[in-house]
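Written out below as structure tokens is the structure these notes cover.
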Amino acid sequence: MLKYFGQRLDTIYTAKRAIAKENFEKSNRAILSAHPAFAQMLKEKKTAELDLARKKARGENFTDEENILAQLNIKIADYVKTNSLSFAPKYVCSTCKDSGYVNGKPCKCLIKEYNNLLHENKSVSPMPRFTFENNTYPTSSDPKAAGMNKLYKIMSEKVCDNFDNCKWQNFIFSGASGIGKTSLAVAVANRLLDKNVSVFYVSSFELINIFLDKHTHKQTSLSKMFDYVNECEMLIIDNLGAEPIYKNVTFEYLFSTLEKRLANKKKTIICTQLGGQALINRYGETFLKFANKKFSLSVEL
Ligand SMILES: [Zn+2]
């Protein structure tokens, strides 16, 4: 689980438990006001317990008090049974009692909450809805179809279904606009999200805004995204090359991000309209490091 979401999950579970406690107390109060006879029994029980404690403390004989208390307990249990009263707190998840863990292992509900957070934070602006099932290349007569289908297969089987053991860390898809780079990247994102893998999809333009926000310490709503850009397991940068070049920001932050992600074995997909030489012209030889064949899959579409 990503530490980025740890604190938010803590907040969610603390709130769940607070709600359960509040509902529990509310329902108990409701039961007592609807059953005055029962409330009276509880009052008597309290008095009896006090009497018993007093006698014990004084070292006196407390057989009578014990009997009274035992009788009251029976009466109370009978009343609860006859009237089907329930005093168990109602948790959202009865398995983990809203703690999120069962025997130290994450409960199913925690995984679900985590998954919700992943989906909520998958991008700054809405991510296109596109999945592997939406790929129309298998029935297309487009001359690029065979190549695209092969790439879809690789991304589905060798990357998504084999995420932890996949040898590639960087993916560079370059080609003209409209060929389907973004669709493929988004299909990967959606498949990974379904597998509880943290994904962040961002256009190069948005990414630069996140970097700029960090650089100028503006602390806007984008600020938290900077950590996520570094920490998420799969970062997708769409349309690299279209972003403005800001001195001390664009290249510096881009390369330090890619560097950090590479060192931390996190995967990145870069979609760009720029071909190999154009990428080097814009970003310099440094870019080649991230396209290194050993850990990168670079495809010109
Ligand atoms: Zn649970």
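The chains in the structure tokens are called A, B, ... from first to last as shown; in each chain the residues are counted from 1, and the ligands are counted from 1 in the order shown.
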Counting only C-alpha atoms and all ligand atoms, what are the residues, protein, DNA or RNA alike, that approach ligand 1 to within 10 Å? I want them as a ChimeraX atom specification. /A:13,91-102,106-113
Serialized selection, N, CA and C atoms, as an mmCIF file, in the first residue's frame:
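The file below, selection34.cif, is the result:
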```cif
data_model
loop_
_atom_site.group_PDB
_atom_site.id
_atom_site.type_symbol
_atom_site.label_atom_id
_atom_site.label_comp_id
_atom_site.auth_asym_id
_atom_site.auth_seq_id
_atom_site.Cartn_x
_atom_site.Cartn_y
_atom_site.Cartn_z
ATOM 1 N N TYR A 13 -11.053 5.607 8.442
ATOM 2 C CA TYR A 13 -11.408 4.566 9.424
ATOM 3 C C TYR A 13 -11.716 5.152 10.797
ATOM 4 N N TYR A 91 -21.280 -1.837 12.789
ATOM 5 C CA TYR A 91 -20.147 -1.341 12.011
ATOM 6 C C TYR A 91 -20.475 -1.401 10.528
ATOM 7 N N VAL A 92 -19.829 -0.572 9.753
ATOM 8 C CA VAL A 92 -19.983 -0.654 8.292
ATOM 9 C C VAL A 92 -19.454 -2.019 7.859
ATOM 10 N N CYS A 93 -18.312 -2.406 8.432
ATOM 11 C CA CYS A 93 -17.749 -3.726 8.137
ATOM 12 C C CYS A 93 -17.682 -4.527 9.423
ATOM 13 N N SER A 94 -18.493 -5.571 9.495
ATOM 14 C CA SER A 94 -18.520 -6.360 10.731
ATOM 15 C C SER A 94 -17.292 -7.267 10.819
ATOM 16 N N THR A 95 -16.658 -7.530 9.681
ATOM 17 C CA THR A 95 -15.485 -8.415 9.679
ATOM 18 C C THR A 95 -14.343 -7.820 10.502
ATOM 19 N N CYS A 96 -14.050 -6.544 10.253
ATOM 20 C CA CYS A 96 -12.906 -5.920 10.944
ATOM 21 C C CYS A 96 -13.359 -4.905 11.988
ATOM 22 N N LYS A 97 -14.662 -4.813 12.229
ATOM 23 C CA LYS A 97 -15.219 -3.818 13.142
ATOM 24 C C LYS A 97 -14.664 -2.430 12.831
ATOM 25 N N ASP A 98 -14.595 -2.120 11.561
ATOM 26 C CA ASP A 98 -14.121 -0.814 11.070
ATOM 27 C C ASP A 98 -12.710 -0.451 11.525
ATOM 28 N N SER A 99 -11.891 -1.474 11.728
ATOM 29 C CA SER A 99 -10.495 -1.178 12.068
ATOM 30 C C SER A 99 -9.645 -1.235 10.797
ATOM 31 N N GLY A 100 -10.155 -1.925 9.774
ATOM 32 C CA GLY A 100 -9.417 -2.044 8.518
ATOM 33 C C GLY A 100 -8.509 -3.263 8.476
ATOM 34 N N TYR A 101 -8.326 -3.905 9.622
ATOM 35 C CA TYR A 101 -7.399 -5.046 9.661
ATOM 36 C C TYR A 101 -8.021 -6.237 10.380
ATOM 37 N N VAL A 102 -7.683 -7.436 9.912
ATOM 38 C CA VAL A 102 -8.095 -8.654 10.584
ATOM 39 C C VAL A 102 -6.825 -9.465 10.822
ATOM 40 N N PRO A 106 -4.676 -6.612 6.017
ATOM 41 C CA PRO A 106 -5.715 -5.677 5.551
ATOM 42 C C PRO A 106 -7.032 -6.389 5.279
ATOM 43 N N CYS A 107 -8.114 -5.808 5.763
ATOM 44 C CA CYS A 107 -9.452 -6.367 5.531
ATOM 45 C C CYS A 107 -9.862 -6.056 4.087
ATOM 46 N N LYS A 108 -10.819 -6.818 3.591
ATOM 47 C CA LYS A 108 -11.313 -6.585 2.222
ATOM 48 C C LYS A 108 -11.817 -5.155 2.053
ATOM 49 N N CYS A 109 -12.424 -4.617 3.113
ATOM 50 C CA CYS A 109 -12.978 -3.259 3.016
ATOM 51 C C CYS A 109 -11.864 -2.230 2.871
ATOM 52 N N LEU A 110 -10.714 -2.497 3.478
ATOM 53 C CA LEU A 110 -9.578 -1.571 3.381
ATOM 54 C C LEU A 110 -9.046 -1.550 1.948
ATOM 55 N N ILE A 111 -8.965 -2.722 1.353
ATOM 56 C CA ILE A 111 -8.509 -2.823 -0.040
ATOM 57 C C ILE A 111 -9.466 -2.033 -0.938
ATOM 58 N N LYS A 112 -10.772 -2.167 -0.600
ATOM 59 C CA LYS A 112 -11.781 -1.469 -1.403
ATOM 60 C C LYS A 112 -11.625 0.052 -1.244
ATOM 61 N N GLU A 113 -11.427 0.497 -0.015
ATOM 62 C CA GLU A 113 -11.237 1.935 0.227
ATOM 63 C C GLU A 113 -9.977 2.432 -0.487
#
```
Alpha helix (DSSP H) per DSSP on the backbone: members of segment 224-296 of chain A, as a PyMOL selection string: chain A and resi 224-231+250-263+276-283+286-290
Near Val186 of chain A, within 10 Å and counting only C-alpha atoms, which residues show up once chain neighbours fewer than 3 positions away are dropped, as a list in words?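 After dropping sequence-adjacent residues, the list is Met127, Pro128, Arg129, Phe130, Thr131, Phe132, Gly180, Lys181, Thr182, Ser183, Ala189, Asn190, Arg191, Leu192, Val199, Tyr201, Ile236 and Asp238 of chain A.
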Prev. selection, C-alpha atoms, output as an mmCIF file, in the first residue's frame:
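Contents of part09.cif, as written:
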```
data_model
loop_
_atom_site.group_PDB
_atom_site.id
_atom_site.type_symbol
_atom_site.label_atom_id
_atom_site.label_comp_id
_atom_site.auth_asym_id
_atom_site.auth_seq_id
_atom_site.Cartn_x
_atom_site.Cartn_y
_atom_site.Cartn_z
ATOM 1 C CA MET A 127 -8.937 10.450 -17.599
ATOM 2 C CA PRO A 128 -10.495 9.112 -20.823
ATOM 3 C CA ARG A 129 -12.557 5.977 -20.336
ATOM 4 C CA PHE A 130 -10.784 3.456 -22.464
ATOM 5 C CA THR A 131 -10.032 -0.178 -21.729
ATOM 6 C CA PHE A 132 -8.356 -3.075 -23.522
ATOM 7 C CA GLY A 180 -3.936 5.738 -30.332
ATOM 8 C CA LYS A 181 -1.007 6.252 -27.941
ATOM 9 C CA THR A 182 -3.190 7.823 -25.273
ATOM 10 C CA SER A 183 -5.878 5.155 -25.654
ATOM 11 C CA ALA A 189 -4.034 2.674 -16.477
ATOM 12 C CA ASN A 190 -7.553 1.290 -16.121
ATOM 13 C CA ARG A 191 -6.355 -2.316 -16.056
ATOM 14 C CA LEU A 192 -3.762 -1.513 -13.384
ATOM 15 C CA VAL A 199 -1.606 5.052 -11.362
ATOM 16 C CA TYR A 201 -2.259 9.962 -15.610
ATOM 17 C CA ILE A 236 1.645 8.197 -17.483
ATOM 18 C CA ASP A 238 0.721 12.226 -22.091
#
```
Selection near segment 207-215 of chain A, 10 Å with only C-alpha atoms, sequence-local residues under 6 positions removed, as a list in words: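 Everything that qualifies: Val124, Tyr201, Ser221, Leu222, Ser223, Lys224, Met225, Phe226, Asp227, Val229, Ile237, Asp238, Leu240, Glu243, Pro244, Ile245, Tyr246, Asn248, Val249, Thr250, Phe251, Glu252, Tyr253, Leu254 and Thr257 of chain A.
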Residue contacts of segment 19-31 of chain A (9 Å, only C-alpha atoms) excluding same-chain residues fewer than 6 positions away, as number ranges by chain: A: 38-39, 85-92, 98
With a distance cut-off of 12 Å and only C-alpha atoms, select the neighbouring residues of Lys153 of chain A, excluding the residue or stretch itself and same-chain residues fewer than 3 positions from it, and output the selection as a list of chain:residue names.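 In the requested form, the answer reads A:Phe132, A:Glu133, A:Asn135, A:Tyr137, A:Pro138, A:Ala146, A:Gly147, A:Met148, A:Asn149, A:Lys150, A:Ser156, A:Glu157, A:Lys158, A:Val159, A:Cys160, A:Asp161, A:Leu184, A:Ala187, A:Val188.
Taking only C-alpha atoms into account, Glu259 of chain A lies nearest to A:Ala291 out of the set A:Ala291, A:Ile179, A:Leu50, A:Ala57.
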So, counting only C-alpha atoms, which residue among A:Lys267, A:Arg282, A:Lys195, A:Lys293 is closest to Leu118 of chain A?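 Looking at the shortest contact to Leu118 of chain A, the residue is A:Lys195.
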